[in-house]
file final_32.txt (compact mmCIF, C-alpha atoms and all ligand atoms)
# COMPACT_ATOMS: atom_id res chain seq x y z
CA MET A 6 75.35 215.01 -66.52
CA THR A 7 78.92 214.47 -65.42
CA ASP A 8 78.75 213.96 -61.69
CA ALA A 9 80.02 211.02 -59.63
CA ALA A 10 77.74 208.77 -61.65
CA GLY A 11 79.47 209.66 -64.94
CA ASP A 12 77.64 208.99 -68.18
CA GLY A 13 76.99 205.29 -67.65
CA LEU A 14 73.53 204.04 -66.78
CA ILE A 15 72.87 201.46 -64.06
CA ILE A 16 69.62 199.53 -64.21
CA THR A 17 68.22 197.80 -61.14
CA VAL A 18 65.60 195.11 -61.57
CA ALA A 19 63.07 194.64 -58.75
CA PRO A 20 61.47 191.36 -59.82
CA THR A 21 58.97 190.50 -57.06
CA GLY A 22 58.47 192.94 -54.17
CA ALA A 23 56.04 192.27 -51.36
CA GLU A 24 52.78 193.89 -52.44
CA VAL A 25 52.03 192.43 -55.89
CA ASP A 26 50.37 189.01 -56.16
CA GLN A 27 49.76 186.46 -58.88
CA MET A 28 46.09 187.43 -59.08
CA GLN A 29 47.30 190.77 -60.45
CA THR A 30 49.83 189.22 -62.80
CA PRO A 31 50.61 185.55 -63.42
CA HIS A 32 54.12 186.61 -64.51
CA LEU A 33 55.28 187.47 -60.99
CA PRO A 34 58.19 185.22 -59.96
CA ILE A 35 57.66 183.63 -56.54
CA SER A 36 59.92 180.62 -55.97
CA PRO A 37 63.72 180.93 -55.70
CA ASP A 38 64.03 179.22 -59.10
CA GLU A 39 61.55 181.60 -60.72
CA ILE A 40 63.19 184.66 -59.19
CA ALA A 41 66.69 183.53 -60.22
CA ASP A 42 65.53 182.83 -63.78
CA GLU A 43 63.86 186.24 -63.98
CA VAL A 44 67.00 187.97 -62.69
CA ALA A 45 69.16 186.08 -65.20
CA ARG A 46 66.94 187.21 -68.08
CA ALA A 47 66.90 190.76 -66.72
CA VAL A 48 70.71 190.78 -66.56
CA ASP A 49 70.85 189.65 -70.20
CA ALA A 50 68.60 192.63 -70.98
CA GLY A 51 70.87 195.11 -69.15
CA ALA A 52 70.25 194.95 -65.41
CA ALA A 53 73.29 195.21 -63.13
CA VAL A 54 71.54 195.18 -59.74
CA ALA A 55 68.79 192.90 -58.39
CA HIS A 56 66.63 194.29 -55.56
CA LEU A 57 65.11 191.24 -53.92
CA HIS A 58 62.18 190.27 -51.71
CA ALA A 59 61.33 186.62 -51.04
CA ARG A 60 58.06 184.72 -50.90
CA LEU A 61 56.85 181.47 -49.42
CA PRO A 62 55.43 178.93 -51.91
CA ASP A 63 51.90 180.32 -51.37
CA GLY A 64 53.10 183.83 -52.26
CA THR A 65 53.26 185.23 -48.71
CA PRO A 66 56.19 187.64 -48.25
CA THR A 67 58.99 186.24 -46.11
CA THR A 68 62.42 187.40 -44.95
CA ALA A 69 63.59 183.93 -43.91
CA PRO A 70 67.35 183.86 -44.51
CA ASN A 71 67.26 180.29 -45.85
CA VAL A 72 64.84 181.33 -48.61
CA LEU A 73 66.86 184.45 -49.45
CA ASP A 74 70.12 182.47 -49.42
CA SER A 75 68.62 179.97 -51.83
CA ILE A 76 67.61 182.81 -54.18
CA ILE A 77 71.09 184.37 -53.98
CA LEU A 78 72.83 181.05 -54.63
CA LYS A 79 70.70 180.36 -57.69
CA ILE A 80 71.23 183.90 -58.98
CA ARG A 81 75.00 183.52 -58.61
CA GLU A 82 74.83 180.31 -60.66
CA ARG A 83 72.63 181.81 -63.38
CA ALA A 84 73.38 185.53 -63.49
CA GLY A 85 77.05 185.77 -62.52
CA ASP A 86 78.17 188.82 -60.58
CA VAL A 87 74.94 190.87 -60.65
CA ILE A 88 74.89 193.13 -57.58
CA ILE A 89 72.57 191.73 -54.90
CA ASN A 90 70.43 194.26 -53.02
CA LEU A 91 68.13 192.80 -50.34
CA SER A 92 65.10 194.62 -48.98
CA THR A 93 65.02 195.58 -45.32
CA GLY A 94 61.68 197.25 -46.01
CA GLY A 95 59.94 193.93 -46.39
CA GLU A 96 56.19 194.31 -46.31
CA VAL A 97 54.15 196.96 -44.48
CA GLY A 98 53.56 195.68 -40.94
CA MET A 99 56.51 193.27 -40.74
CA THR A 100 58.33 193.09 -37.42
CA VAL A 101 61.71 194.71 -36.90
CA ALA A 102 63.27 191.28 -36.31
CA ASP A 103 61.93 190.01 -39.63
CA ARG A 104 63.20 193.07 -41.47
CA LYS A 105 66.60 192.94 -39.82
CA GLN A 106 67.32 189.26 -40.38
CA VAL A 107 67.88 189.73 -44.13
CA LEU A 108 71.23 191.27 -43.16
CA GLU A 109 72.43 187.81 -42.10
CA CYS A 110 72.47 186.85 -45.78
CA ASP A 111 75.37 187.18 -48.19
CA THR A 112 74.28 190.47 -49.70
CA GLU A 113 76.33 193.39 -50.97
CA VAL A 114 73.66 196.08 -50.71
CA ALA A 115 70.49 196.44 -48.65
CA SER A 116 67.71 198.96 -48.89
CA LEU A 117 67.49 201.43 -46.00
CA ASN A 118 64.17 203.28 -45.86
CA MET A 119 64.62 206.92 -44.86
CA GLY A 120 61.38 207.54 -43.02
CA SER A 121 57.79 206.63 -42.27
CA LEU A 122 54.92 207.35 -44.62
CA ASN A 123 51.42 206.35 -45.51
CA PHE A 124 51.61 203.44 -47.94
CA GLY A 125 48.19 203.05 -49.49
CA ASP A 126 45.90 202.40 -46.52
CA GLY A 127 48.78 201.22 -44.31
CA ILE A 128 51.63 202.96 -42.53
CA PHE A 129 55.17 202.01 -43.54
CA GLU A 130 56.96 202.52 -40.24
CA ASN A 131 60.57 203.65 -40.32
CA PRO A 132 61.29 205.65 -37.15
CA VAL A 133 64.79 207.10 -36.87
CA PRO A 134 65.97 204.65 -34.13
CA LEU A 135 65.09 201.73 -36.43
CA ILE A 136 66.85 203.36 -39.38
CA LYS A 137 69.98 203.83 -37.26
CA GLN A 138 69.80 200.27 -35.95
CA LEU A 139 69.64 198.89 -39.50
CA ALA A 140 72.38 201.26 -40.69
CA LYS A 141 74.68 200.15 -37.86
CA GLU A 142 74.10 196.50 -38.64
CA MET A 143 74.85 197.12 -42.33
CA LYS A 144 78.03 199.00 -41.46
CA THR A 145 79.21 196.20 -39.16
CA ARG A 146 78.62 193.64 -41.88
CA GLY A 147 80.13 195.72 -44.71
CA ILE A 148 76.80 195.98 -46.53
CA VAL A 149 76.28 199.14 -48.62
CA ALA A 150 73.05 201.00 -47.84
CA GLU A 151 70.74 202.18 -50.61
CA LEU A 152 68.60 205.00 -49.27
CA GLU A 153 64.93 204.56 -50.23
CA THR A 154 63.69 208.15 -50.20
CA TYR A 155 59.99 208.88 -50.66
CA GLU A 156 59.69 212.44 -49.37
CA LEU A 157 61.94 215.51 -49.24
CA GLY A 158 62.16 215.51 -45.43
CA MET A 159 63.82 212.12 -45.62
CA LEU A 160 66.88 213.79 -47.16
CA HIS A 161 67.48 215.26 -43.70
CA THR A 162 67.68 211.79 -42.18
CA ALA A 163 70.29 210.80 -44.75
CA GLU A 164 72.41 213.77 -43.67
CA VAL A 165 72.10 212.75 -40.01
CA LEU A 166 73.33 209.25 -40.86
CA VAL A 167 76.32 210.68 -42.72
CA THR A 168 77.15 213.03 -39.83
CA GLU A 169 77.04 210.07 -37.44
CA GLN A 170 79.23 208.10 -39.85
CA LEU A 171 76.69 205.31 -40.17
CA ILE A 172 76.68 205.44 -43.98
CA ALA A 173 79.10 206.54 -46.71
CA GLU A 174 79.77 210.28 -47.18
CA ARG A 175 78.33 210.02 -50.66
CA PRO A 176 75.52 207.51 -50.19
CA ASN A 177 73.51 205.83 -52.94
CA TYR A 178 69.96 207.15 -53.09
CA ASN A 179 66.86 205.67 -54.64
CA PHE A 180 64.18 208.33 -55.08
CA VAL A 181 60.82 206.55 -55.15
CA LEU A 182 58.10 208.57 -56.86
CA GLY A 183 54.42 207.84 -57.23
CA THR A 184 53.66 205.72 -54.14
CA ALA A 185 50.16 206.24 -52.72
CA GLY A 186 51.16 208.65 -49.94
CA GLY A 187 54.64 209.70 -51.09
CA ALA A 188 56.08 212.27 -53.49
CA PRO A 189 54.32 212.45 -56.85
CA ALA A 190 55.89 211.09 -60.03
CA VAL A 191 56.44 214.47 -61.66
CA PRO A 192 59.67 215.97 -63.00
CA ALA A 193 59.52 218.88 -60.52
CA ALA A 194 59.64 216.46 -57.58
CA LEU A 195 62.58 214.56 -59.06
CA ASP A 196 64.42 217.84 -59.65
CA LEU A 197 64.13 218.73 -55.97
CA PHE A 198 65.38 215.35 -54.77
CA VAL A 199 68.35 215.54 -57.13
CA ARG A 200 69.20 219.13 -56.23
CA LEU A 201 68.87 218.66 -52.47
CA ARG A 202 70.71 215.34 -52.13
CA ILE A 203 74.27 215.25 -50.81
CA PRO A 204 76.25 216.60 -53.79
CA GLY A 205 78.12 214.06 -55.86
CA SER A 206 76.09 211.10 -54.60
CA PRO A 207 74.90 208.51 -57.12
CA TRP A 208 71.13 208.24 -57.38
CA PHE A 209 68.47 206.03 -58.84
CA ALA A 210 64.85 206.90 -59.47
CA THR A 211 61.91 204.52 -59.28
CA GLY A 212 58.47 205.29 -60.64
CA ILE A 213 55.52 203.37 -59.27
CA GLY A 214 52.76 202.03 -61.52
CA ARG A 215 52.20 203.74 -64.84
CA SER A 216 54.89 206.31 -64.06
CA GLN A 217 57.66 203.71 -64.24
CA MET A 218 59.01 204.55 -67.71
CA LEU A 219 58.33 208.27 -67.38
CA VAL A 220 60.43 208.41 -64.23
CA ALA A 221 63.09 206.23 -65.88
CA ALA A 222 63.31 208.68 -68.78
CA GLU A 223 63.40 211.71 -66.47
CA SER A 224 66.17 210.07 -64.48
CA ILE A 225 68.16 209.15 -67.57
CA VAL A 226 68.14 212.71 -68.95
CA ARG A 227 69.28 214.04 -65.56
CA GLY A 228 72.23 211.65 -65.24
CA GLY A 229 70.61 209.33 -62.71
CA HIS A 230 70.16 205.57 -62.70
CA VAL A 231 66.91 203.66 -62.88
CA ARG A 232 64.96 200.88 -61.22
CA VAL A 233 62.26 198.95 -63.03
CA GLY A 234 60.46 195.66 -62.44
CA LEU A 235 57.25 193.97 -61.42
CA GLU A 236 57.67 195.05 -57.77
CA ASP A 237 56.78 198.57 -58.88
CA ASN A 238 54.77 198.16 -62.07
CA ILE A 239 53.19 195.16 -63.79
CA TYR A 240 52.38 196.75 -67.18
CA LEU A 241 54.51 197.08 -70.29
CA ASP A 242 51.98 199.40 -71.91
CA ARG A 243 48.55 200.61 -70.90
CA GLY A 244 46.38 197.51 -70.39
CA LEU A 245 49.17 195.14 -71.47
CA LEU A 246 50.87 193.13 -68.72
CA ALA A 247 54.63 192.78 -68.90
CA THR A 248 55.28 189.07 -69.37
CA SER A 249 58.69 189.32 -67.72
CA ASN A 250 60.90 191.70 -65.78
CA ALA A 251 63.33 191.52 -68.70
CA GLN A 252 60.82 193.32 -70.94
CA LEU A 253 60.84 196.28 -68.56
CA VAL A 254 64.63 196.26 -68.28
CA GLU A 255 64.92 196.08 -72.07
CA ARG A 256 62.75 199.16 -72.40
CA ALA A 257 64.77 201.11 -69.83
CA ALA A 258 68.01 200.08 -71.56
CA GLU A 259 66.62 201.20 -74.90
CA LEU A 260 65.64 204.57 -73.42
CA GLY A 261 69.16 204.89 -72.02
CA LEU A 262 70.87 204.02 -75.27
CA ARG A 263 68.69 206.40 -77.29
CA LEU A 264 69.45 209.18 -74.84
CA GLY A 265 73.19 208.62 -74.99
CA ARG A 266 73.77 206.62 -71.81
CA LYS A 267 75.91 203.47 -71.96
CA VAL A 268 74.29 200.68 -69.96
CA LEU A 269 76.81 199.52 -67.35
CA ASP A 270 77.42 195.92 -66.39
CA ALA A 271 77.76 194.80 -62.77
CA ALA A 272 81.54 195.27 -62.58
CA GLU A 273 81.31 198.82 -63.90
CA SER A 274 78.33 199.56 -61.66
CA ARG A 275 80.24 198.43 -58.59
CA ARG A 276 82.85 201.11 -59.27
CA VAL A 277 80.19 203.83 -59.57
CA LEU A 278 78.33 202.72 -56.43
CA GLY A 279 81.37 202.07 -54.22
CA ILE A 280 80.70 198.33 -53.91
CA PRO A 281 83.73 196.02 -53.79
CA ALA A 282 84.26 193.62 -56.69
CA LEU A 283 82.79 190.22 -55.93
CA ALA A 284 86.17 188.47 -55.81
CA ASP A 285 87.27 190.93 -53.08
CA THR A 286 84.47 189.92 -50.71
CA ALA A 287 84.84 186.91 -48.46
CA GLY A 288 82.61 183.88 -48.75
CA SER A 289 80.86 184.73 -52.01
CA GLY A 290 79.65 181.86 -54.13
CA GLY A 291 81.35 183.26 -57.28
N1 LIG B 301 57.38 196.81 -49.59
C1 LIG B 301 57.39 198.17 -49.18
C2 LIG B 301 56.64 198.35 -47.91
C3 LIG B 301 62.24 198.23 -49.64
O1 LIG B 301 62.35 197.22 -50.32
O2 LIG B 301 63.09 198.56 -48.82
C4 LIG B 301 58.73 198.75 -49.04
C5 LIG B 301 59.78 198.38 -49.96
C6 LIG B 301 61.06 199.11 -49.79
O3 LIG B 301 59.67 197.55 -50.85
ZN ZN B 302 61.53 196.61 -52.26

call {"tool": "encode", "arguments": {"input": "final_32.txt", "output": "structure tokens"}}
result
Amino acid sequence: MTDAAGDGLIITVAPTGAEVDQMQTPHLPISPDEIADEVARAVDAGAAVAHLHARLPDGTPTTAPNVLDSIILKIRERAGDVIINLSTGGEVGMTVADRKQVLECDTEVASLNMGSLNFGDGIFENPVPLIKQLAKEMKTRGIVAELETYELGMLHTAEVLVTEQLIAERPNYNFVLGTAGGAPAVPAALDLFVRLRIPGSPWFATGIGRSQMLVAAESIVRGGHVRVGLEDNIYLDRGLLATSNAQLVERAAELGLRLGRKVLDAAESRRVLGIPALADTAGSGG
């Protein structure tokens, strides 16, 4: 368990996403105020990173920088130095321009999806030229890439990006298990991702739907970090909706503590993930 990630556990909260709606759960935060409040509660429960998507007032996914900036500003006021991670994945079918414009915002990390795959009935398009374009933009702006990895072949793309010096030599991975069309949420799949990643690289695992806590536990015992939240799963237990993202974070933190992993705060997580301290970055709201 002692690799670059050490023994500490980093928890990412993904409060909103782009695919869930309030018909499925009334607890989904939509407005900048709601999202910032949810992130603040999640940070109190142990989250160190917030992976963010934005919505318009009617719930439609948006990547408008003014909406994202408003969310970030409110989070900075209410949740201190939590690490901000913006989605460049957006929603299936979004234009490249819409996905790219999130990088204009004051973010420290952005998701970088490592390949195309079926996503339910849709196709989540991430051709290599787009991945490189986003990676270059992140590099220029000093934004750390988090590699969203849904299939084993996508590990190859990560290696290409390292070879071309578009991302860090030891990049941060997020292995996403249990999407409809991606790798299954089973321990054997996680083992392969972990074994075949670039050695020494920090990694998170995300389980979709009912696999969320199973994947969190499997990640924790293997020395990885975890992502939980309503973007990926709306239930606390079978048939029981989570009433907040904080409930899911609390459960992941509890799993971590019981399995001997100290839950890291944002400052400690920055050191593990190679993200500069907030005071070292220009123009942050503090
Ligand atoms: N909404 C999904 C199509 C990301 O944030 O980069 C993709 C997604 C990944 O959520
Ligand atoms: Zn996302």

call {"tool": "closest_residue", "arguments": {"input": "final_32.txt", "among": "A:Glu142, A:Glu151, A:Glu223, A:Glu164", "to": "ligand LIG 301 (chain B)", "atoms": "only C-alpha atoms and all ligand atoms"}}
result
A:Glu151

call {"tool": "closest_atom_pairs", "arguments": {"input": "final_32.txt", "of": "chain A", "to": "ligand LIG 301 (chain B)", "cutoff": "10 Å", "atoms": "all atoms listed in the file", "output": "CSV"}}
result
residue,atom,partner,partner_atom,distance
A:Ala19,CA,B:LIG301,O1,8.8
A:Thr21,CA,B:LIG301,O3,9.4
A:Gly22,CA,B:LIG301,O3,5.8
A:Ala23,CA,B:LIG301,N1,5.1
A:Glu24,CA,B:LIG301,N1,6.1
A:Val25,CA,B:LIG301,N1,9.4
A:His56,CA,B:LIG301,O1,7.4
A:Leu57,CA,B:LIG301,O1,7.5
A:His58,CA,B:LIG301,O1,7.1
A:Pro66,CA,B:LIG301,N1,9.3
A:Asn90,CA,B:LIG301,O1,9.0
A:Leu91,CA,B:LIG301,O1,7.3
A:Ser92,CA,B:LIG301,O1,4.0
A:Thr93,CA,B:LIG301,O2,5.0
A:Gly94,CA,B:LIG301,O2,3.4
A:Gly95,CA,B:LIG301,N1,5.0
A:Glu96,CA,B:LIG301,N1,4.3
A:Val97,CA,B:LIG301,C2,4.5
A:Gly98,CA,B:LIG301,C2,8.1
A:Met99,CA,B:LIG301,C2,8.8
A:Arg104,CA,B:LIG301,O2,9.2
A:Ala115,CA,B:LIG301,O2,7.7
A:Ser116,CA,B:LIG301,O2,4.6
A:Leu117,CA,B:LIG301,O2,6.0
A:Asn118,CA,B:LIG301,O2,5.7
A:Met119,CA,B:LIG301,O2,9.4
A:Leu122,CA,B:LIG301,C2,9.7
A:Asn123,CA,B:LIG301,C2,9.8
A:Phe124,CA,B:LIG301,C2,7.2
A:Gly125,CA,B:LIG301,C2,9.8
A:Gly127,CA,B:LIG301,C2,9.1
A:Ile128,CA,B:LIG301,C2,8.7
A:Phe129,CA,B:LIG301,C2,5.9
A:Glu130,CA,B:LIG301,C2,8.7
A:Glu151,CA,B:LIG301,O2,8.7
A:Leu152,CA,B:LIG301,O2,8.5
A:Glu153,CA,B:LIG301,O2,6.4
A:Thr154,CA,B:LIG301,C6,9.4
A:Tyr155,CA,B:LIG301,C6,9.9
A:Asn179,CA,B:LIG301,O2,9.9
A:Val181,CA,B:LIG301,C6,9.2
A:Thr184,CA,B:LIG301,C1,9.8
A:Glu236,CA,B:LIG301,O3,7.6
A:Asp237,CA,B:LIG301,O3,8.6

call {"tool": "residues_around", "arguments": {"input": "final_32.txt", "residues": "A:Asp242", "least_positions_apart": "4", "cutoff": "9 Å", "atoms": "only C-alpha atoms", "output": "PyMOL selection string"}}
result
chain A and resi 215+246-247

call {"tool": "write_last_selection", "arguments": {"input": "final_32.txt", "atoms": "C-alpha atoms", "output": "JSON list (two decimals), in the frame of the given file"}}
result
[["chain", "number", "residue", "atom", "x", "y", "z"],
["A", 215, "ARG", "CA", 52.20, 203.74, -64.84],
["A", 246, "LEU", "CA", 50.87, 193.13, -68.72],
["A", 247, "ALA", "CA", 54.63, 192.78, -68.90]]

call {"tool": "atom_distance", "arguments": {"input": "final_32.txt", "atom1": "atom CA of A:Pro176", "atom2": "atom CA of A:Ala163"}}
result
8.2 Å

call {"tool": "residues_around", "arguments": {"input": "final_32.txt", "residues": "A:Arg146", "least_positions_apart": "6", "cutoff": "10 Å", "atoms": "all atoms listed in the file", "output": "JSON, numbers by chain"}}
result
{"A": [108, 109, 110, 111, 112, 113, 140]}

call {"tool": "residues_around", "arguments": {"input": "final_32.txt", "residues": "A:Val226", "least_positions_apart": "4", "cutoff": "12 Å", "atoms": "all atoms listed in the file", "output": "NGL selection string"}}
result
:A and (6-7 or 12-14 or 192 or 195-196 or 210 or 219-222 or 230-231 or 260-266)

call {"tool": "atom_distance", "arguments": {"input": "final_32.txt", "atom1": "atom CA of A:Arg81", "atom2": "atom CA of A:Leu283"}}
result
10.6 Å

call {"tool": "closest_residue", "arguments": {"input": "final_32.txt", "among": "A:Thr17, A:Thr100, A:Gln29, A:Ser274", "to": "ligand ZN 302 (chain B)", "atoms": "only C-alpha atoms and all ligand atoms"}}
result
A:Thr17

call {"tool": "closest_residue", "arguments": {"input": "final_32.txt", "among": "A:Val233, A:Ala193, A:Leu135, A:Ile35", "to": "ligand ZN 302 (chain B)", "atoms": "all atoms listed in the file"}}
result
A:Val233

call {"tool": "closest_residue", "arguments": {"input": "final_32.txt", "among": "A:Ile136, A:Leu235, A:Ala257, A:Ala272", "to": "ligand ZN 302 (chain B)", "atoms": "all atoms listed in the file"}}
result
A:Leu235

call {"tool": "residues_around", "arguments": {"input": "final_32.txt", "residues": "A:Pro207", "least_positions_apart": "4", "cutoff": "8 Å", "atoms": "only C-alpha atoms", "output": "ChimeraX atom specification"}}
result
/A:9-10,175-178,229-230,277-278

call {"tool": "closest_residue", "arguments": {"input": "final_32.txt", "among": "A:Asn238, A:Pro62, A:Arg202, A:Asn71", "to": "A:Leu157", "atoms": "all atoms listed in the file"}}
result
A:Arg202

call {"tool": "residues_near_point", "arguments": {"input": "final_32.txt", "point": "(74.9, 196.5, -70.2)", "cutoff": "9 Å", "atoms": "only C-alpha atoms", "output": "PyMOL selection string"}}
result
chain A and resi 14-16+48-53+258+267-271

call {"tool": "closest_residue", "arguments": {"input": "final_32.txt", "among": "A:Val149, A:Ile213, A:Leu61, A:Ala194", "to": "ligand ZN 302 (chain B)", "atoms": "only C-alpha atoms and all ligand atoms"}}
result
A:Ile213

call {"tool": "atom_distance", "arguments": {"input": "final_32.txt", "atom1": "atom CA of A:Pro281", "atom2": "atom CA of A:Glu255"}}
result
26.2 Å

call {"tool": "axis_aligned_box", "arguments": {"input": "final_32.txt", "around": "stretch 55-64 of chain A", "padding_each_side": "6 Å", "output": "AutoDock Vina command-line options"}}
result
--center_x 60.3 --center_y 186.6 --center_z -53.9 --size_x 28.9 --size_y 27.4 --size_z 21.0
